[in-house]
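Visitor: Contents are TSV, C-alpha atoms; file name coords35.tsv:
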```tsv
chain	number	residue	atom	x	y	z
A	29	MET	CA	-11.00	-73.21	22.77
A	30	ASP	CA	-9.22	-73.35	26.09
A	31	TRP	CA	-8.98	-69.70	27.06
A	32	SER	CA	-5.96	-70.16	29.25
A	33	THR	CA	-3.89	-71.79	26.54
A	34	SER	CA	-5.17	-69.36	23.96
A	35	LEU	CA	-3.67	-66.49	25.89
A	36	TRP	CA	-0.59	-68.01	27.37
A	37	GLY	CA	0.42	-70.35	24.64
A	38	ALA	CA	0.93	-74.08	24.68
A	39	ARG	CA	4.70	-73.90	24.71
A	40	PRO	CA	6.32	-74.97	27.97
A	41	ARG	CA	8.64	-72.50	29.59
A	42	PRO	CA	12.17	-73.23	28.48
A	43	ALA	CA	13.53	-72.67	31.99
A	44	GLU	CA	12.06	-71.94	35.38
A	45	SER	CA	13.62	-68.48	35.53
A	46	ALA	CA	12.77	-67.54	31.98
A	47	PRO	CA	10.05	-64.92	31.55
A	48	PRO	CA	6.71	-66.34	30.44
A	49	ALA	CA	5.73	-66.19	26.82
A	50	HIS	CA	2.32	-65.01	25.77
A	51	ARG	CA	0.31	-65.77	22.72
A	52	SER	CA	-0.17	-62.62	20.73
A	53	LEU	CA	-3.16	-62.63	18.46
A	54	VAL	CA	-2.31	-59.22	17.08
A	55	LEU	CA	1.19	-60.36	16.16
A	56	LYS	CA	-0.24	-63.34	14.31
A	57	ALA	CA	-2.73	-61.13	12.51
A	58	LEU	CA	0.03	-58.70	11.58
A	59	LEU	CA	2.41	-61.35	10.28
A	60	ASP	CA	-0.39	-63.10	8.40
A	61	SER	CA	-1.18	-59.83	6.66
A	62	LEU	CA	2.49	-59.37	5.73
A	63	ARG	CA	2.50	-62.76	4.01
A	64	ARG	CA	0.25	-61.32	1.37
A	65	PHE	CA	2.99	-58.95	0.20
A	66	PRO	CA	6.04	-59.99	-1.80
A	67	ARG	CA	8.52	-57.68	0.00
A	68	PRO	CA	6.89	-55.87	2.92
A	69	ALA	CA	8.90	-53.26	4.77
A	70	VAL	CA	8.77	-53.46	8.56
A	71	LEU	CA	9.99	-50.89	11.08
A	72	ASP	CA	10.94	-52.40	14.44
A	73	LEU	CA	11.11	-49.78	17.20
A	74	GLY	CA	12.29	-52.30	19.76
A	75	ALA	CA	15.64	-53.77	20.64
A	76	PRO	CA	17.50	-55.42	17.77
A	77	LEU	CA	17.16	-59.17	18.18
A	78	GLY	CA	18.66	-61.58	15.72
A	79	SER	CA	15.87	-64.12	16.09
A	80	ASN	CA	13.24	-61.49	15.25
A	81	LEU	CA	15.25	-60.54	12.20
A	82	ASP	CA	15.41	-64.19	11.13
A	83	LEU	CA	11.67	-64.58	11.54
A	84	LEU	CA	10.91	-61.47	9.52
A	85	ARG	CA	13.47	-62.51	6.92
A	86	ALA	CA	11.58	-65.76	6.45
A	87	LEU	CA	8.62	-63.59	5.42
A	88	SER	CA	10.85	-61.78	2.89
A	89	CYS	CA	10.51	-58.58	4.89
A	90	ARG	CA	12.78	-55.61	4.47
A	91	VAL	CA	13.50	-54.68	8.06
A	92	SER	CA	14.47	-51.34	9.53
A	93	ILE	CA	15.34	-51.16	13.20
A	94	ALA	CA	15.48	-48.21	15.55
A	95	ASP	CA	15.54	-49.05	19.25
A	96	LEU	CA	13.95	-45.71	19.90
A	97	HIS	CA	13.91	-45.69	23.69
A	98	ARG	CA	17.61	-46.57	23.82
A	99	LEU	CA	18.52	-44.20	21.00
A	100	LEU	CA	16.80	-41.31	22.74
A	101	ALA	CA	18.88	-42.02	25.83
A	102	PHE	CA	22.24	-42.81	24.26
A	103	GLU	CA	22.32	-40.88	20.99
A	104	PRO	CA	22.02	-37.29	22.19
A	105	PRO	CA	22.34	-34.38	19.79
A	106	GLU	CA	25.71	-32.76	19.15
A	107	ARG	CA	27.03	-30.91	22.16
A	108	GLY	CA	25.38	-27.55	22.61
A	109	VAL	CA	22.47	-28.32	20.31
A	110	ARG	CA	19.00	-28.22	21.79
A	111	GLU	CA	16.73	-30.50	19.88
A	112	SER	CA	12.96	-30.77	19.98
A	113	PHE	CA	11.41	-34.21	20.20
A	114	PRO	CA	10.24	-34.12	16.55
A	115	ALA	CA	13.78	-33.17	15.53
A	116	GLN	CA	15.14	-36.06	17.55
A	117	LEU	CA	12.75	-38.41	15.78
A	118	GLU	CA	13.87	-37.03	12.45
A	119	ARG	CA	17.47	-37.82	13.36
A	120	LEU	CA	16.92	-41.18	14.98
A	121	LEU	CA	14.33	-42.89	12.82
A	122	PRO	CA	15.57	-44.65	9.70
A	123	ALA	CA	14.56	-43.38	6.30
A	124	PRO	CA	11.51	-45.13	4.90
A	125	PRO	CA	11.92	-47.47	1.95
A	126	PRO	CA	10.27	-46.68	-1.39
A	127	GLY	CA	6.59	-47.34	-0.96
A	128	GLY	CA	6.73	-46.91	2.80
A	129	PHE	CA	6.51	-49.28	5.72
A	130	ALA	CA	3.78	-51.91	5.78
A	131	ALA	CA	4.07	-52.46	9.51
A	132	VAL	CA	5.55	-50.93	12.64
A	133	LEU	CA	6.43	-52.98	15.69
A	134	SER	CA	6.34	-50.53	18.59
A	135	TRP	CA	6.03	-53.26	21.24
A	136	ASP	CA	5.63	-51.51	24.64
A	137	LEU	CA	7.30	-48.24	23.64
A	138	PHE	CA	4.14	-46.13	24.01
A	139	ASN	CA	4.14	-46.81	27.77
A	140	TYR	CA	7.41	-44.86	28.00
A	141	LEU	CA	6.37	-41.83	25.98
A	142	ARG	CA	4.31	-38.83	27.01
A	143	ARG	CA	1.11	-38.05	25.14
A	144	ASP	CA	2.75	-35.28	23.13
A	145	GLN	CA	5.62	-37.61	22.27
A	146	ILE	CA	3.27	-40.31	21.01
A	147	GLN	CA	1.51	-37.66	18.99
A	148	ALA	CA	4.81	-36.49	17.52
A	149	LEU	CA	5.93	-40.04	16.78
A	150	THR	CA	2.67	-40.84	15.06
A	151	ALA	CA	2.85	-37.66	13.02
A	152	ARG	CA	6.43	-38.50	12.01
A	153	LEU	CA	5.54	-42.08	11.09
A	154	ALA	CA	2.29	-41.47	9.23
A	155	PRO	CA	3.82	-40.15	5.98
A	156	THR	CA	6.30	-43.03	5.95
A	157	LEU	CA	3.57	-45.67	6.00
A	158	GLU	CA	1.73	-47.14	3.10
A	159	ALA	CA	-2.05	-47.02	3.15
A	160	GLY	CA	-3.46	-49.62	5.50
A	161	ALA	CA	-0.13	-50.10	7.25
A	162	GLN	CA	-0.42	-51.54	10.73
A	163	VAL	CA	1.16	-50.58	14.04
A	164	LEU	CA	1.50	-53.16	16.79
A	165	ALA	CA	1.53	-51.89	20.37
A	166	PHE	CA	1.49	-53.48	23.80
A	167	VAL	CA	0.00	-51.24	26.48
A	168	TRP	CA	0.28	-52.09	30.13
A	169	THR	CA	-2.96	-51.93	32.10
A	170	ARG	CA	-1.23	-52.47	35.45
A	171	PRO	CA	-0.50	-49.46	37.68
A	172	THR	CA	3.25	-50.09	37.56
A	173	ILE	CA	5.49	-51.20	34.74
A	174	PRO	CA	9.17	-52.11	34.30
A	175	CYS	CA	11.31	-49.01	34.34
A	176	ALA	CA	12.44	-49.57	30.74
A	177	PRO	CA	10.85	-51.25	27.73
A	178	LEU	CA	11.25	-55.00	27.57
A	179	ARG	CA	12.88	-56.76	24.63
A	180	TYR	CA	10.13	-58.65	22.87
A	181	ARG	CA	11.34	-61.81	21.22
A	182	MET	CA	9.08	-63.51	18.71
A	183	LEU	CA	9.32	-67.23	19.42
A	184	ASP	CA	7.25	-67.91	16.34
A	185	ASP	CA	4.55	-66.03	14.50
A	186	GLU	CA	2.19	-65.86	17.48
A	187	ASN	CA	4.19	-66.37	20.67
A	188	VAL	CA	6.17	-63.55	22.21
A	189	VAL	CA	8.31	-63.31	25.30
A	190	GLY	CA	9.23	-60.03	26.97
A	191	GLU	CA	12.81	-60.17	28.22
A	192	GLY	CA	14.67	-57.78	30.46
A	193	ALA	CA	14.59	-56.35	33.94
A	194	ARG	CA	11.09	-56.04	35.38
A	195	GLU	CA	12.28	-54.28	38.49
A	196	PRO	CA	12.52	-51.56	39.58
A	197	GLU	CA	9.15	-50.42	38.40
A	198	ARG	CA	7.65	-47.04	37.58
A	199	PRO	CA	4.09	-45.79	37.37
A	200	ALA	CA	2.28	-46.69	34.18
A	201	PRO	CA	0.61	-43.99	32.09
A	202	LEU	CA	-2.40	-46.31	31.70
A	203	TYR	CA	-3.32	-45.13	28.21
A	204	LYS	CA	-6.69	-46.33	27.02
A	205	GLN	CA	-8.26	-46.64	23.62
A	206	PRO	CA	-9.84	-43.15	23.62
A	207	ASP	CA	-6.41	-41.74	24.45
A	208	PHE	CA	-4.98	-43.34	21.34
A	209	ALA	CA	-7.83	-42.00	19.24
A	210	ARG	CA	-6.70	-38.51	20.28
A	211	MET	CA	-2.97	-39.15	20.08
A	212	MET	CA	-3.03	-41.03	16.79
A	213	PRO	CA	-5.26	-39.21	14.34
A	214	GLY	CA	-5.55	-41.12	11.10
A	215	PHE	CA	-5.17	-44.46	12.82
A	216	ALA	CA	-7.95	-46.78	13.93
A	217	VAL	CA	-7.85	-49.79	16.20
A	218	SER	CA	-8.32	-52.83	14.00
A	219	ARG	CA	-7.78	-55.41	16.75
A	220	SER	CA	-7.37	-55.27	20.51
A	221	TYR	CA	-7.07	-57.96	23.13
A	222	LEU	CA	-6.61	-57.76	26.88
A	223	LEU	CA	-4.21	-60.43	28.09
A	224	ARG	CA	-3.95	-61.98	31.53
A	225	ASN	CA	-0.48	-60.59	32.05
A	226	GLY	CA	-1.87	-57.08	32.10
A	227	ILE	CA	-1.01	-56.16	28.52
A	228	GLN	CA	-3.64	-54.74	26.21
A	229	GLU	CA	-2.55	-55.57	22.69
A	230	TYR	CA	-3.45	-53.17	19.92
A	231	LEU	CA	-3.18	-53.31	16.18
A	232	PHE	CA	-3.68	-49.87	14.69
A	233	ALA	CA	-4.38	-49.44	10.99
A	234	ASN	CA	-3.23	-46.37	9.14
A	235	GLY	CA	-5.69	-44.39	7.05
A	236	MET	CA	-8.73	-46.23	8.36
A	237	THR	CA	-10.51	-43.38	10.11
B	5	MET	CA	33.09	-35.29	14.58
B	6	TRP	CA	36.29	-36.93	15.64
B	7	ASN	CA	39.56	-35.24	16.30
B	8	LYS	CA	41.07	-34.73	12.88
B	9	ARG	CA	44.42	-33.48	14.16
B	10	GLU	CA	45.53	-37.04	14.17
B	11	SER	CA	47.16	-38.65	11.17
B	12	GLU	CA	45.36	-38.11	7.93
B	13	ALA	CA	45.79	-39.87	4.63
B	14	ALA	CA	44.01	-39.72	1.33
B	15	SER	CA	44.41	-43.42	0.82
B	16	TYR	CA	45.83	-46.10	3.05
B	17	SER	CA	46.99	-49.60	2.37
B	18	PRO	CA	47.47	-51.27	5.73
B	19	VAL	CA	50.54	-53.34	6.36
B	20	PRO	CA	49.96	-56.96	7.26
B	21	SER	CA	50.33	-57.33	10.98
B	22	SER	CA	52.01	-60.69	10.74
B	23	PRO	CA	52.98	-61.45	7.16
B	24	GLY	CA	52.57	-65.00	6.16
B	25	SER	CA	50.96	-66.09	9.38
B	26	PRO	CA	48.13	-68.53	8.94
B	27	VAL	CA	44.68	-67.15	9.55
B	28	SER	CA	41.46	-69.02	9.87
B	29	GLY	CA	39.89	-69.12	6.47
B	30	GLY	CA	42.73	-70.48	4.47
B	31	GLY	CA	46.15	-68.96	4.84
B	32	THR	CA	45.36	-65.45	3.64
B	33	GLU	CA	47.13	-62.51	5.20
B	34	ARG	CA	45.40	-60.18	7.62
B	35	ALA	CA	46.18	-56.52	8.00
B	36	SER	CA	45.45	-54.54	11.10
B	37	ILE	CA	44.89	-50.90	11.91
B	38	GLY	CA	45.99	-50.54	15.50
B	39	ALA	CA	44.03	-49.03	18.33
B	40	SER	CA	46.19	-45.91	18.43
B	41	VAL	CA	45.93	-45.24	14.70
B	42	ALA	CA	43.51	-42.71	13.21
B	43	ILE	CA	42.92	-42.50	9.49
B	44	VAL	CA	40.93	-40.09	7.38
B	45	GLY	CA	40.65	-41.40	3.85
B	46	ASN	CA	39.96	-44.52	1.86
B	47	VAL	CA	41.31	-47.93	2.69
B	48	THR	CA	41.67	-50.51	-0.05
B	49	GLY	CA	43.44	-53.82	-0.03
B	50	ALA	CA	43.61	-57.42	-1.10
B	51	GLU	CA	43.65	-59.11	2.26
B	52	ASP	CA	41.53	-59.40	5.35
B	53	LEU	CA	41.46	-56.32	7.52
B	54	THR	CA	41.02	-55.72	11.22
B	55	VAL	CA	40.34	-52.20	12.44
B	56	LEU	CA	40.99	-51.41	16.07
B	57	GLY	CA	41.51	-47.65	15.82
B	58	ARG	CA	39.64	-44.72	14.27
B	59	LEU	CA	38.81	-44.48	10.62
B	60	GLU	CA	36.81	-41.92	8.70
B	61	GLY	CA	36.29	-42.44	4.99
B	62	LYS	CA	35.69	-45.67	3.15
B	63	ILE	CA	36.83	-49.29	3.33
B	64	ASP	CA	36.83	-51.22	0.09
B	65	VAL	CA	38.05	-54.82	0.20
B	66	PRO	CA	35.31	-56.59	-1.74
B	67	GLN	CA	37.02	-59.98	-1.81
B	68	HIS	CA	38.04	-60.07	1.83
B	69	ASN	CA	36.81	-60.04	5.39
B	70	VAL	CA	36.69	-56.97	7.60
B	71	THR	CA	36.58	-57.04	11.38
B	72	ILE	CA	35.77	-53.86	13.27
B	73	GLY	CA	37.24	-54.51	16.69
B	74	ARG	CA	35.77	-53.54	20.00
B	75	THR	CA	37.99	-50.48	20.37
B	76	ALA	CA	37.35	-49.20	16.85
B	77	ARG	CA	35.36	-46.13	15.91
B	78	VAL	CA	34.65	-46.09	12.22
B	79	GLN	CA	32.72	-43.57	10.19
B	80	ALA	CA	32.77	-45.15	6.77
B	81	ASP	CA	30.93	-47.20	4.24
B	82	ILE	CA	32.42	-50.67	4.10
B	83	HIS	CA	32.42	-52.96	1.07
B	84	ALA	CA	33.74	-56.44	1.82
B	85	LYS	CA	33.10	-60.14	1.44
B	86	SER	CA	32.05	-60.33	5.06
B	87	VAL	CA	31.99	-57.82	7.88
B	88	SER	CA	32.02	-58.41	11.61
B	89	VAL	CA	31.39	-55.43	13.89
B	90	GLU	CA	32.33	-55.39	17.56
B	91	GLY	CA	32.98	-51.67	17.94
B	92	GLU	CA	31.29	-48.52	16.68
B	93	VAL	CA	30.42	-47.97	13.03
B	94	ARG	CA	28.54	-45.09	11.45
B	95	GLY	CA	28.09	-45.91	7.80
B	96	ASN	CA	26.57	-48.41	5.44
B	97	LEU	CA	27.86	-51.96	5.16
B	98	PHE	CA	27.78	-54.00	1.96
B	99	ALA	CA	28.93	-57.60	2.05
B	100	GLY	CA	28.89	-60.27	-0.61
B	101	GLU	CA	28.46	-63.03	1.93
B	102	GLN	CA	27.51	-61.92	5.41
B	103	ILE	CA	27.42	-59.24	8.07
B	104	LEU	CA	27.57	-59.97	11.77
B	105	ILE	CA	26.81	-57.30	14.36
B	106	ARG	CA	28.22	-58.47	17.68
B	107	LYS	CA	26.65	-57.72	21.05
B	108	THR	CA	29.29	-55.10	21.88
B	109	ALA	CA	28.68	-53.19	18.65
B	110	THR	CA	27.08	-49.84	18.07
B	111	MET	CA	26.00	-49.79	14.46
B	112	LEU	CA	24.31	-46.81	12.86
B	113	GLY	CA	23.76	-47.45	9.18
B	114	ASN	CA	22.21	-49.80	6.67
B	115	LEU	CA	23.23	-53.40	6.15
B	116	THR	CA	23.13	-55.12	2.77
B	117	ALA	CA	24.18	-58.76	2.55
B	118	PRO	CA	22.62	-62.14	1.80
B	119	ARG	CA	23.02	-63.01	5.49
B	120	VAL	CA	22.86	-60.64	8.42
B	121	GLY	CA	23.21	-61.63	12.05
B	122	LEU	CA	22.41	-59.39	15.01
B	123	GLU	CA	23.63	-60.56	18.37
B	124	ASP	CA	21.33	-59.76	21.26
B	125	GLY	CA	22.56	-56.71	23.11
B	126	CYS	CA	23.94	-54.86	20.13
B	127	SER	CA	22.89	-51.30	19.44
B	128	PHE	CA	21.63	-50.82	15.92
B	129	LYS	CA	19.77	-48.27	13.90
B	130	GLY	CA	19.22	-48.76	10.22
B	131	SER	CA	17.73	-51.03	7.65
B	132	VAL	CA	18.60	-54.60	6.84
B	133	ASP	CA	18.38	-55.71	3.25
B	134	MET	CA	18.90	-59.38	2.62
B	135	GLU	CA	18.31	-59.83	-1.03
B	136	MET	CA	17.85	-63.57	-0.93
B	137	ARG	CA	14.22	-64.58	-1.05
B	138	ALA	CA	12.73	-66.91	1.50
B	139	GLU	CA	12.80	-69.85	-0.89
B	140	ASN	CA	16.53	-69.54	-1.29
B	141	GLN	CA	17.09	-69.03	2.40
B	142	ARG	CA	15.71	-72.42	3.22
B	143	ALA	CA	18.83	-73.90	1.74
B	144	THR	CA	21.26	-71.60	3.52
B	145	ALA	CA	19.77	-70.05	6.65
B	146	PRO	CA	20.25	-71.55	10.13
B	147	GLN	CA	17.66	-74.11	11.06
B	148	ALA	CA	16.46	-72.37	14.19
B	149	GLN	CA	14.00	-69.48	14.38
B	150	ARG	CA	12.16	-70.16	11.17
B	151	PRO	CA	8.44	-69.98	11.79
B	152	GLN	CA	7.69	-72.57	9.12
B	153	GLU	CA	9.51	-75.14	11.19
B	154	THR	CA	7.85	-74.47	14.53
B	155	PRO	CA	5.41	-77.07	15.76
B	156	ALA	CA	2.04	-76.71	14.15
B	157	LYS	CA	-0.58	-74.97	16.24
B	158	PRO	CA	-4.27	-74.80	15.58
B	159	PRO	CA	-4.97	-71.46	13.94
B	160	ALA	CA	-7.22	-68.98	15.69
B	161	PRO	CA	-10.65	-69.35	14.10
B	162	SER	CA	-11.10	-65.65	13.53
B	163	LEU	CA	-7.81	-65.23	11.72
B	164	PRO	CA	-7.36	-65.64	8.00
B	165	THR	CA	-5.56	-68.69	6.69
B	166	PRO	CA	-1.92	-67.77	6.12
B	167	VAL	CA	-1.07	-67.42	2.48
B	168	LYS	CA	2.03	-69.31	1.43
B	169	LEU	CA	4.76	-67.00	0.39
B	170	GLU	CA	5.37	-68.72	-2.92
B	171	THR	CA	1.82	-68.07	-4.02
B	172	ALA	CA	1.36	-64.63	-2.54
B	173	PRO	CA	-0.30	-62.24	-4.97
B	174	ALA	CA	1.57	-59.20	-6.13
B	175	ARG	CA	1.14	-56.06	-4.11
B	176	PRO	CA	-1.46	-53.79	-5.65
```
Translate this file's structure into structure tokens.

Guide:
Amino acid sequence: MDWSTSLWGARPRPAESAPPAHRSLVLKALLDSLRRFPRPAVLDLGAPLGSNLDLLRALSCRVSIADLHRLLAFEPPERGVRESFPAQLERLLPAPPPGGFAAVLSWDLFNYLRRDQIQALTARLAPTLEAGAQVLAFVWTRPTIPCAPLRYRMLDDENVVGEGAREPERPAPLYKQPDFARMMPGFAVSRSYLLRNGIQEYLFANGMT
Amino acid sequence: MWNKRESEAASYSPVPSSPGSPVSGGGTERASIGASVAIVGNVTGAEDLTVLGRLEGKIDVPQHNVTIGRTARVQADIHAKSVSVEGEVRGNLFAGEQILIRKTATMLGNLTAPRVGLEDGCSFKGSVDMEMRAENQRATAPQAQRPQETPAKPPAPSLPTPVKLETAPARP
């Protein structure tokens, strides 16, 4: 297999200024696993994108969306109320469907959360997941990252493009696999790939430790 | 949450904004709740409805279309034939045909309709339940964005062969 095309996809860029797409092996693995279920429930923690919804709908998914980074910024608690991060999560995350979520798309959200916040998010999500549920995460390995999460658009079931402003940048937390083992008890890395664009893709499986 | 000193009503039947005027969709009338109007209560009707002001309660026009305009702030469950949201809605939407969340919308609530569209740039928190199965959607959904129709790519050797949806085994 041609390594370059395996990572960057065979699709030509739609326009010169468009951000490059990358082939995501963890996304393909995740979506392939969802095909085995008649009505899987998916929680998307990224920006709401109609094309992603259409793609998940084609897999008969029940989709819940909570653009968590944006909600944390623009959906503050009632005036005068001081809210802990776990309480914010309780307010901002959608209720789980009966049976729980089969997958969570966190995209690059973890890069914008502190360790204690990732721990709190994982603790909040864990009881809402069904056994073996999977969490997709993109973790930047570069020293600097865009100042806000990108919008990840699924072009198909294995090609993804990250849209949005890449500048200005901010320092990256540079989380590594041992960090996630500490921050996400009860989850194990089932797949991980380092891509040329500086993203380390992870697929975490719930209840596998 | 909102200022409730403004006009309140237990039930409200909006007056058509321009009686008898033709509207896209076949000559039905369209009622409008103006930008300066605030309602607390239930709204029912037998015509299309546009909300531009504030509304807290419930909207129930199951045979007609509802448009939540850009200036609107609605805290209500909405039952309609189709719903288009450009403003702010906190509540659950139920539509017999379709729901469209425009890019200017802030939508906090669950969506239930056979077709749901989210425009890029909208703000949304909630679940989307489209009860039509994938087989049925092939006949009705837009042609773009369906993974089955993307050009075939050689599968990664280490990945399992995708199972066709129609033959997927039941969840244990």

Visitor: List every residue of chain A that has an atom at most 7 Å from any atom of chain B, giving for each one its closest atom pair and the distance in Å to one decimal, counting all atoms listed in the file, sorted by chain and then by ascending residue number, as a Markdown table.

Guide:
```
| residue | atom | partner | partner_atom | distance |
| --- | --- | --- | --- | --- |
| A:Ala57 | CA | B:Leu163 | CA | 6.6 |
| A:Asp60 | CA | B:Pro166 | CA | 5.4 |
| A:Arg63 | CA | B:Leu169 | CA | 6.0 |
| A:Arg64 | CA | B:Ala172 | CA | 5.2 |
| A:Phe65 | CA | B:Arg175 | CA | 5.5 |
| A:Pro66 | CA | B:Ala174 | CA | 6.3 |
| A:Pro76 | CA | B:Phe128 | CA | 6.5 |
| A:Leu77 | CA | B:Asp124 | CA | 5.2 |
| A:Gly78 | CA | B:Leu122 | CA | 4.4 |
| A:Ser79 | CA | B:Gln149 | CA | 5.9 |
| A:Asp82 | CA | B:Gln149 | CA | 6.4 |
| A:Leu83 | CA | B:Arg150 | CA | 5.6 |
| A:Ala86 | CA | B:Ala138 | CA | 5.2 |
| A:Leu87 | CA | B:Ala138 | CA | 6.6 |
| A:Ser88 | CA | B:Ala138 | CA | 5.6 |
| A:Arg90 | CA | B:Asp133 | CA | 5.7 |
| A:Val91 | CA | B:Val132 | CA | 5.2 |
| A:Ser92 | CA | B:Ser131 | CA | 3.8 |
| A:Ile93 | CA | B:Lys129 | CA | 5.3 |
| A:Ala94 | CA | B:Lys129 | CA | 4.6 |
| A:Asp95 | CA | B:Lys129 | CA | 6.9 |
| A:Pro122 | CA | B:Gly130 | CA | 5.5 |
| A:Asp184 | CA | B:Pro151 | CA | 5.1 |
| A:Asp185 | CA | B:Pro151 | CA | 6.2 |
```

Visitor: When you look at A:Met211 with a cut-off of 8 Å (counting only C-alpha atoms), what residues show up, excluding the ones that are within fewer than 2 positions of it in the same chain? I need them as a compact mmCIF listing (two decimals) with C-alpha atoms, keeping the file's coordinate frame.

Guide:
```txt
# COMPACT_ATOMS: atom_id res chain seq x y z
CA ARG A 143 1.11 -38.05 25.14
CA ASP A 144 2.75 -35.28 23.13
CA ILE A 146 3.27 -40.31 21.01
CA GLN A 147 1.51 -37.66 18.99
CA THR A 150 2.67 -40.84 15.06
CA ASP A 207 -6.41 -41.74 24.45
CA PHE A 208 -4.98 -43.34 21.34
CA ALA A 209 -7.83 -42.00 19.24
CA PRO A 213 -5.26 -39.21 14.34
```

Visitor: Give me, please, the distance in Å between atom CA of A:Pro177 and atom CA of A:Pro105, quoted to one decimal.

Guide: 21.9 Å

Visitor: Suppose you want the space between atom CA of A:Arg67 and atom CA of A:Leu153; what is it in Å?

Guide: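 Computing it gives 19.4 Å between the two atoms.
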
Visitor: Find the residues near B:His68: any atom within 12 Å, counting all atoms listed in the file, skip ones fewer than 5 places away on the same chain, and give them as a PyMOL selection string.

Guide: chain B and resi 29-30+32-35+48-54+63+82-88+98-102

Visitor: Export, as a compact mmCIF listing (two decimals), keeping the file's coordinate frame, the selected residues with C-alpha atoms.

Guide:
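Full text of again_10.txt as output:
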```txt
# COMPACT_ATOMS: atom_id res chain seq x y z
CA GLY B 29 39.89 -69.12 6.47
CA GLY B 30 42.73 -70.48 4.47
CA THR B 32 45.36 -65.45 3.64
CA GLU B 33 47.13 -62.51 5.20
CA ARG B 34 45.40 -60.18 7.62
CA ALA B 35 46.18 -56.52 8.00
CA THR B 48 41.67 -50.51 -0.05
CA GLY B 49 43.44 -53.82 -0.03
CA ALA B 50 43.61 -57.42 -1.10
CA GLU B 51 43.65 -59.11 2.26
CA ASP B 52 41.53 -59.40 5.35
CA LEU B 53 41.46 -56.32 7.52
CA THR B 54 41.02 -55.72 11.22
CA ILE B 63 36.83 -49.29 3.33
CA ILE B 82 32.42 -50.67 4.10
CA HIS B 83 32.42 -52.96 1.07
CA ALA B 84 33.74 -56.44 1.82
CA LYS B 85 33.10 -60.14 1.44
CA SER B 86 32.05 -60.33 5.06
CA VAL B 87 31.99 -57.82 7.88
CA SER B 88 32.02 -58.41 11.61
CA PHE B 98 27.78 -54.00 1.96
CA ALA B 99 28.93 -57.60 2.05
CA GLY B 100 28.89 -60.27 -0.61
CA GLU B 101 28.46 -63.03 1.93
CA GLN B 102 27.51 -61.92 5.41
```

Visitor: Could you check how far atom CA of A:Ala159 sits from atom CA of A:Gly128, in Å to one decimal?

Guide: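 Between atom CA of A:Ala159 and atom CA of A:Gly128 the gap is 8.8 Å.
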
Visitor: Which residues are close to A:Ala216, i.e. within 10 Å by all atoms listed in the file, leaving aside same-chain residues fewer than 4 positions away? Reply as a PyMOL selection string.

Guide: chain A and resi 160+162-163+205+208-209+212+230-237

Visitor: With a distance cut-off of 8 Å and all atoms listed in the file, select the neighbouring residues of A:Thr172, excluding the residue or stretch itself and same-chain residues fewer than 2 positions from it, and output the selection as a list in words.

Guide: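 Near A:Thr172, the qualifying residues are Arg170, Pro174, Glu197, Arg198, Pro199 and Ala200 of chain A.
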
Visitor: Just write the chosen residues, C-alpha atoms, as a PDB file, keeping the file's coordinate frame.

Guide:
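What landed in again.pdb:
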```
ATOM      1  CA  ARG A 170      -1.230 -52.470  35.450  1.00  0.00           C
ATOM      2  CA  PRO A 174       9.170 -52.110  34.300  1.00  0.00           C
ATOM      3  CA  GLU A 197       9.150 -50.420  38.400  1.00  0.00           C
ATOM      4  CA  ARG A 198       7.650 -47.040  37.580  1.00  0.00           C
ATOM      5  CA  PRO A 199       4.090 -45.790  37.370  1.00  0.00           C
ATOM      6  CA  ALA A 200       2.280 -46.690  34.180  1.00  0.00           C
TER       7      ALA A 200
END
```

Visitor: Could you list, as an MDAnalysis selection string, every residue within 9 Å of A:Ala176, counting all atoms listed in the file and ignoring same-chain residues fewer than 6 positions away?

Guide: chainID A and resid 97 137 140 192:194 197:198

Visitor: Store the residues picked out above in a file with C-alpha atoms, as a PDB file, in the frame of the given file.

Guide:
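Output below, filename out_37.pdb:
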```
ATOM      1  CA  HIS A  97      13.910 -45.690  23.690  1.00  0.00           C
ATOM      2  CA  LEU A 137       7.300 -48.240  23.640  1.00  0.00           C
ATOM      3  CA  TYR A 140       7.410 -44.860  28.000  1.00  0.00           C
ATOM      4  CA  GLY A 192      14.670 -57.780  30.460  1.00  0.00           C
ATOM      5  CA  ALA A 193      14.590 -56.350  33.940  1.00  0.00           C
ATOM      6  CA  ARG A 194      11.090 -56.040  35.380  1.00  0.00           C
ATOM      7  CA  GLU A 197       9.150 -50.420  38.400  1.00  0.00           C
ATOM      8  CA  ARG A 198       7.650 -47.040  37.580  1.00  0.00           C
TER       9      ARG A 198
END
```

Visitor: Please identify all polymer residues lying at most 8 Å from the point (3.8, -63.9, 23.7) (file coordinates), using only C-alpha atoms, and present the result as a list in words.

Guide: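 Within 8 Å of (3.8, -63.9, 23.7), the protein and nucleic acid residues are Trp36, Gly37, Pro48, Ala49, His50, Arg51, Ser52, Met182, Leu183, Glu186, Asn187, Val188, Val189 and Gly190 of chain A.
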
Visitor: Which one of B:Gly95, B:Gly73, B:Gly61, B:Pro118 sits closest to B:Gly38 if you count only C-alpha atoms?

Guide: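 With only C-alpha atoms as the atom set, the closest residue is B:Gly73.
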
Visitor: Of the residues A:Arg210, A:Leu164, A:Ala101, A:Arg85, which is the one nearest to A:Val132, using all atoms listed in the file?

Guide: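 The closest residue to A:Val132 is A:Leu164.
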